[in-house]
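Structure record follows, encoded as structure tokens.
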Amino acid sequence: MVLLHGWPYDIYSFVDVAPVLAGAGYRVIIPYLRGYGTTRFLSSETLRNGQPSALAADLKDFLDALKIEKPILAGFDWGARNANIFAALWPERCKAMVSVSGYLIGSQEAGKVPLPPQAELQWWYQVLFCH
């Protein structure tokens, strides 16, 4: 089982659930998402990119390196979106998925259209954290 954290959180979000899952017999892996914790780029020439599809490709590469063919994926926030994109692009590679969040796969075109002011107000913290 691969547990994927959200933003701005990290792997310690799963400190309580990981032992429960391991106790139930699951192999539990909790990687840092790109840019978190001890992650690093091996080359200074590597493009720095937090695009959701890049994170899903990271997950695929991670699973390939560990020779994990069909994981159970579970995530929240950015981790949920990562799991969703992975499952959409490589459904044959996903045994099951638990996705908790409003960050799912979105439409780039729809994202260009502002929400009504009251709905936009609910996202105020995005401006705070992203600037």
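Letters A, B, ... mark the chains of the structure tokens in the order given; residue numbers begin at 1 per chain; ligand numbers begin at 1, in order shown.
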Tell me which protein, DNA and RNA residues are within 12 Å of Gln51 of chain A, counting only C-alpha atoms, leaving out same-chain ones fewer than 3 positions away, and put them as a list in words.
-> Leu33, Arg34, Gly35, Leu47, Arg48, Ala54, Leu55, Ala56, Ala57, Asp58, Trp78, Arg81, Asn82, Ile85, Ile105 and Gln108 of chain A
Determine the nearest neighbour of Gly25 of chain A from the options A:Leu66, A:Leu73, A:Ala110, A:Met1, counting only C-alpha atoms.
-> A:Met1
For His5 of chain A, which of A:Gly79, A:Gly50, A:Pro91, A:Pro31 is the closest residue, counting only C-alpha atoms?
-> A:Gly79
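Pairwise distance (atom CA of Leu59 of chain A, atom CA of Ala83 of chain A) equals 8.5 Å.
For the residues A:Leu115, A:Ala88, A:Leu4, A:Leu128, ranking by smallest atom-to-atom distance to Ser101 of chain A using only C-alpha atoms places A:Leu4 first.
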Neighbours of Ile68 of chain A within 12 Å (only C-alpha atoms; same-chain residues fewer than 2 positions away dropped), as a ChimeraX atom specification?
-> /A:1-2,27-29,59-66,70-73,93-95
For N, CA, C and O atoms, I'd like the residues from the last selection saved as a PDB file, in the first residue's frame.
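And here is the file that came out, result_14.pdb:
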ATOM      1  N   MET A   1       0.847  -1.162   0.000  1.00  0.00           N
ATOM      2  CA  MET A   1       0.000   0.000   0.000  1.00  0.00           C
ATOM      3  C   MET A   1       0.898   1.230   0.000  1.00  0.00           C
ATOM      4  O   MET A   1       1.836   1.322   0.781  1.00  0.00           O
ATOM      5  N   VAL A   2       0.606   2.172  -0.904  1.00  0.00           N
ATOM      6  CA  VAL A   2       1.380   3.401  -0.999  1.00  0.00           C
ATOM      7  C   VAL A   2       0.484   4.544  -0.524  1.00  0.00           C
ATOM      8  O   VAL A   2      -0.592   4.772  -1.075  1.00  0.00           O
ATOM      9  N   ARG A  27       2.054  -4.235   3.310  1.00  0.00           N
ATOM     10  CA  ARG A  27       3.354  -3.571   3.195  1.00  0.00           C
ATOM     11  C   ARG A  27       3.025  -2.099   2.948  1.00  0.00           C
ATOM     12  O   ARG A  27       2.340  -1.770   1.976  1.00  0.00           O
ATOM     13  N   VAL A  28       3.496  -1.229   3.807  1.00  0.00           N
ATOM     14  CA  VAL A  28       3.144   0.193   3.734  1.00  0.00           C
ATOM     15  C   VAL A  28       4.369   1.007   3.344  1.00  0.00           C
ATOM     16  O   VAL A  28       5.413   0.921   3.983  1.00  0.00           O
ATOM     17  N   ILE A  29       4.220   1.792   2.283  1.00  0.00           N
ATOM     18  CA  ILE A  29       5.291   2.667   1.805  1.00  0.00           C
ATOM     19  C   ILE A  29       4.729   4.081   1.761  1.00  0.00           C
ATOM     20  O   ILE A  29       3.645   4.306   1.219  1.00  0.00           O
ATOM     21  N   LEU A  59       5.422   8.926  -9.349  1.00  0.00           N
ATOM     22  CA  LEU A  59       4.861   7.750  -8.685  1.00  0.00           C
ATOM     23  C   LEU A  59       5.078   6.500  -9.536  1.00  0.00           C
ATOM     24  O   LEU A  59       5.488   5.455  -9.025  1.00  0.00           O
ATOM     25  N   LYS A  60       4.835   6.613 -10.829  1.00  0.00           N
ATOM     26  CA  LYS A  60       5.055   5.470 -11.714  1.00  0.00           C
ATOM     27  C   LYS A  60       6.518   5.040 -11.690  1.00  0.00           C
ATOM     28  O   LYS A  60       6.826   3.851 -11.565  1.00  0.00           O
ATOM     29  N   ASP A  61       7.424   6.006 -11.794  1.00  0.00           N
ATOM     30  CA  ASP A  61       8.854   5.688 -11.771  1.00  0.00           C
ATOM     31  C   ASP A  61       9.256   5.048 -10.436  1.00  0.00           C
ATOM     32  O   ASP A  61      10.057   4.114 -10.404  1.00  0.00           O
ATOM     33  N   PHE A  62       8.698   5.553  -9.352  1.00  0.00           N
ATOM     34  CA  PHE A  62       8.961   5.020  -8.015  1.00  0.00           C
ATOM     35  C   PHE A  62       8.509   3.564  -7.918  1.00  0.00           C
ATOM     36  O   PHE A  62       9.255   2.691  -7.472  1.00  0.00           O
ATOM     37  N   LEU A  63       7.284   3.300  -8.373  1.00  0.00           N
ATOM     38  CA  LEU A  63       6.748   1.936  -8.343  1.00  0.00           C
ATOM     39  C   LEU A  63       7.548   1.007  -9.247  1.00  0.00           C
ATOM     40  O   LEU A  63       7.812  -0.146  -8.886  1.00  0.00           O
ATOM     41  N   ASP A  64       7.936   1.510 -10.415  1.00  0.00           N
ATOM     42  CA  ASP A  64       8.755   0.710 -11.324  1.00  0.00           C
ATOM     43  C   ASP A  64      10.089   0.350 -10.676  1.00  0.00           C
ATOM     44  O   ASP A  64      10.542  -0.798 -10.771  1.00  0.00           O
ATOM     45  N   ALA A  65      10.720   1.322 -10.016  1.00  0.00           N
ATOM     46  CA  ALA A  65      12.018   1.077  -9.384  1.00  0.00           C
ATOM     47  C   ALA A  65      11.901   0.026  -8.277  1.00  0.00           C
ATOM     48  O   ALA A  65      12.821  -0.773  -8.080  1.00  0.00           O
ATOM     49  N   LEU A  66      10.771   0.016  -7.576  1.00  0.00           N
ATOM     50  CA  LEU A  66      10.559  -0.966  -6.509  1.00  0.00           C
ATOM     51  C   LEU A  66       9.923  -2.262  -7.016  1.00  0.00           C
ATOM     52  O   LEU A  66       9.660  -3.165  -6.231  1.00  0.00           O
ATOM     53  N   LYS A  70       1.002  -3.602  -8.953  1.00  0.00           N
ATOM     54  CA  LYS A  70      -0.385  -3.178  -8.744  1.00  0.00           C
ATOM     55  C   LYS A  70      -0.601  -2.780  -7.282  1.00  0.00           C
ATOM     56  O   LYS A  70      -1.138  -3.541  -6.496  1.00  0.00           O
ATOM     57  N   PRO A  71      -0.203  -1.567  -6.937  1.00  0.00           N
ATOM     58  CA  PRO A  71      -0.357  -1.147  -5.543  1.00  0.00           C
ATOM     59  C   PRO A  71      -1.788  -0.731  -5.217  1.00  0.00           C
ATOM     60  O   PRO A  71      -2.582  -0.419  -6.104  1.00  0.00           O
ATOM     61  N   ILE A  72      -2.080  -0.734  -3.949  1.00  0.00           N
ATOM     62  CA  ILE A  72      -3.244  -0.018  -3.430  1.00  0.00           C
ATOM     63  C   ILE A  72      -2.725   1.379  -3.132  1.00  0.00           C
ATOM     64  O   ILE A  72      -1.737   1.536  -2.412  1.00  0.00           O
ATOM     65  N   LEU A  73      -3.347   2.387  -3.697  1.00  0.00           N
ATOM     66  CA  LEU A  73      -2.942   3.767  -3.481  1.00  0.00           C
ATOM     67  C   LEU A  73      -3.944   4.447  -2.559  1.00  0.00           C
ATOM     68  O   LEU A  73      -5.149   4.269  -2.709  1.00  0.00           O
ATOM     69  N   ARG A  93      -2.426  -0.733 -13.640  1.00  0.00           N
ATOM     70  CA  ARG A  93      -1.392  -0.765 -12.597  1.00  0.00           C
ATOM     71  C   ARG A  93      -1.936  -0.485 -11.197  1.00  0.00           C
ATOM     72  O   ARG A  93      -1.180  -0.451 -10.243  1.00  0.00           O
ATOM     73  N   CYS A  94      -3.226  -0.270 -11.076  1.00  0.00           N
ATOM     74  CA  CYS A  94      -3.809   0.147  -9.793  1.00  0.00           C
ATOM     75  C   CYS A  94      -4.756  -0.939  -9.273  1.00  0.00           C
ATOM     76  O   CYS A  94      -5.778  -1.206  -9.875  1.00  0.00           O
ATOM     77  N   LYS A  95      -4.383  -1.564  -8.160  1.00  0.00           N
ATOM     78  CA  LYS A  95      -5.237  -2.601  -7.566  1.00  0.00           C
ATOM     79  C   LYS A  95      -6.484  -1.987  -6.940  1.00  0.00           C
ATOM     80  O   LYS A  95      -7.589  -2.487  -7.095  1.00  0.00           O
TER      81      LYS A  95
END
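The smallest atom-to-atom distance between Glu69 of chain A and any of A:Ser43, A:Glu92, A:Gly6, A:Asn49, using only C-alpha atoms, is found for A:Glu92.
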If you run DSSP on the backbone, which residues of chain A are alpha helix (DSSP H), as a PyMOL selection string?
-> chain A and resi 17-23+52-66+78-89+108-111+117-121+124-130
Name the residues of chain A that fall into strand (DSSP E) according to DSSP on the backbone, using the chain letters and numbers of this document, as number ranges by chain.
-> A: 2-4, 72-76, 96-100
Would you write out those residues with N, CA and C atoms, as a PDB file, in the first residue's frame?
ATOM      1  N   VAL A   2       0.606   2.172  -0.904  1.00  0.00           N
ATOM      2  CA  VAL A   2       1.380   3.401  -0.999  1.00  0.00           C
ATOM      3  C   VAL A   2       0.484   4.544  -0.524  1.00  0.00           C
ATOM      4  N   LEU A   3       0.952   5.240   0.513  1.00  0.00           N
ATOM      5  CA  LEU A   3       0.215   6.362   1.085  1.00  0.00           C
ATOM      6  C   LEU A   3       0.851   7.660   0.613  1.00  0.00           C
ATOM      7  N   LEU A   4       0.025   8.539   0.044  1.00  0.00           N
ATOM      8  CA  LEU A   4       0.520   9.763  -0.586  1.00  0.00           C
ATOM      9  C   LEU A   4       0.001  10.993   0.165  1.00  0.00           C
ATOM     10  N   ILE A  72      -2.080  -0.734  -3.949  1.00  0.00           N
ATOM     11  CA  ILE A  72      -3.244  -0.018  -3.430  1.00  0.00           C
ATOM     12  C   ILE A  72      -2.725   1.379  -3.132  1.00  0.00           C
ATOM     13  N   LEU A  73      -3.347   2.387  -3.697  1.00  0.00           N
ATOM     14  CA  LEU A  73      -2.942   3.767  -3.481  1.00  0.00           C
ATOM     15  C   LEU A  73      -3.944   4.447  -2.559  1.00  0.00           C
ATOM     16  N   ALA A  74      -3.438   5.240  -1.635  1.00  0.00           N
ATOM     17  CA  ALA A  74      -4.306   6.034  -0.768  1.00  0.00           C
ATOM     18  C   ALA A  74      -3.666   7.394  -0.597  1.00  0.00           C
ATOM     19  N   GLY A  75      -4.470   8.443  -0.739  1.00  0.00           N
ATOM     20  CA  GLY A  75      -3.910   9.775  -0.602  1.00  0.00           C
ATOM     21  C   GLY A  75      -4.969  10.805  -0.269  1.00  0.00           C
ATOM     22  N   PHE A  76      -4.466  11.947   0.192  1.00  0.00           N
ATOM     23  CA  PHE A  76      -5.341  13.090   0.444  1.00  0.00           C
ATOM     24  C   PHE A  76      -4.701  14.320  -0.181  1.00  0.00           C
ATOM     25  N   ALA A  96      -6.291  -0.887  -6.208  1.00  0.00           N
ATOM     26  CA  ALA A  96      -7.397  -0.169  -5.565  1.00  0.00           C
ATOM     27  C   ALA A  96      -6.905   1.223  -5.209  1.00  0.00           C
ATOM     28  N   MET A  97      -7.861   2.113  -4.886  1.00  0.00           N
ATOM     29  CA  MET A  97      -7.489   3.487  -4.575  1.00  0.00           C
ATOM     30  C   MET A  97      -8.450   4.061  -3.542  1.00  0.00           C
ATOM     31  N   VAL A  98      -7.878   4.779  -2.591  1.00  0.00           N
ATOM     32  CA  VAL A  98      -8.658   5.570  -1.640  1.00  0.00           C
ATOM     33  C   VAL A  98      -8.226   7.013  -1.854  1.00  0.00           C
ATOM     34  N   SER A  99      -9.167   7.853  -2.217  1.00  0.00           N
ATOM     35  CA  SER A  99      -8.869   9.242  -2.568  1.00  0.00           C
ATOM     36  C   SER A  99      -9.722  10.163  -1.706  1.00  0.00           C
ATOM     37  N   VAL A 100      -9.059  10.989  -0.895  1.00  0.00           N
ATOM     38  CA  VAL A 100      -9.777  11.877   0.017  1.00  0.00           C
ATOM     39  C   VAL A 100      -9.374  13.309  -0.284  1.00  0.00           C
TER      40      VAL A 100
END
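One distance worth recording is that between atom CA of Leu42 of chain A and atom CA of Ala18 of chain A, which is 28.8 Å.
Note that atom CA of Ser13 of chain A and atom CA of Gly37 of chain A are 12.7 Å apart.
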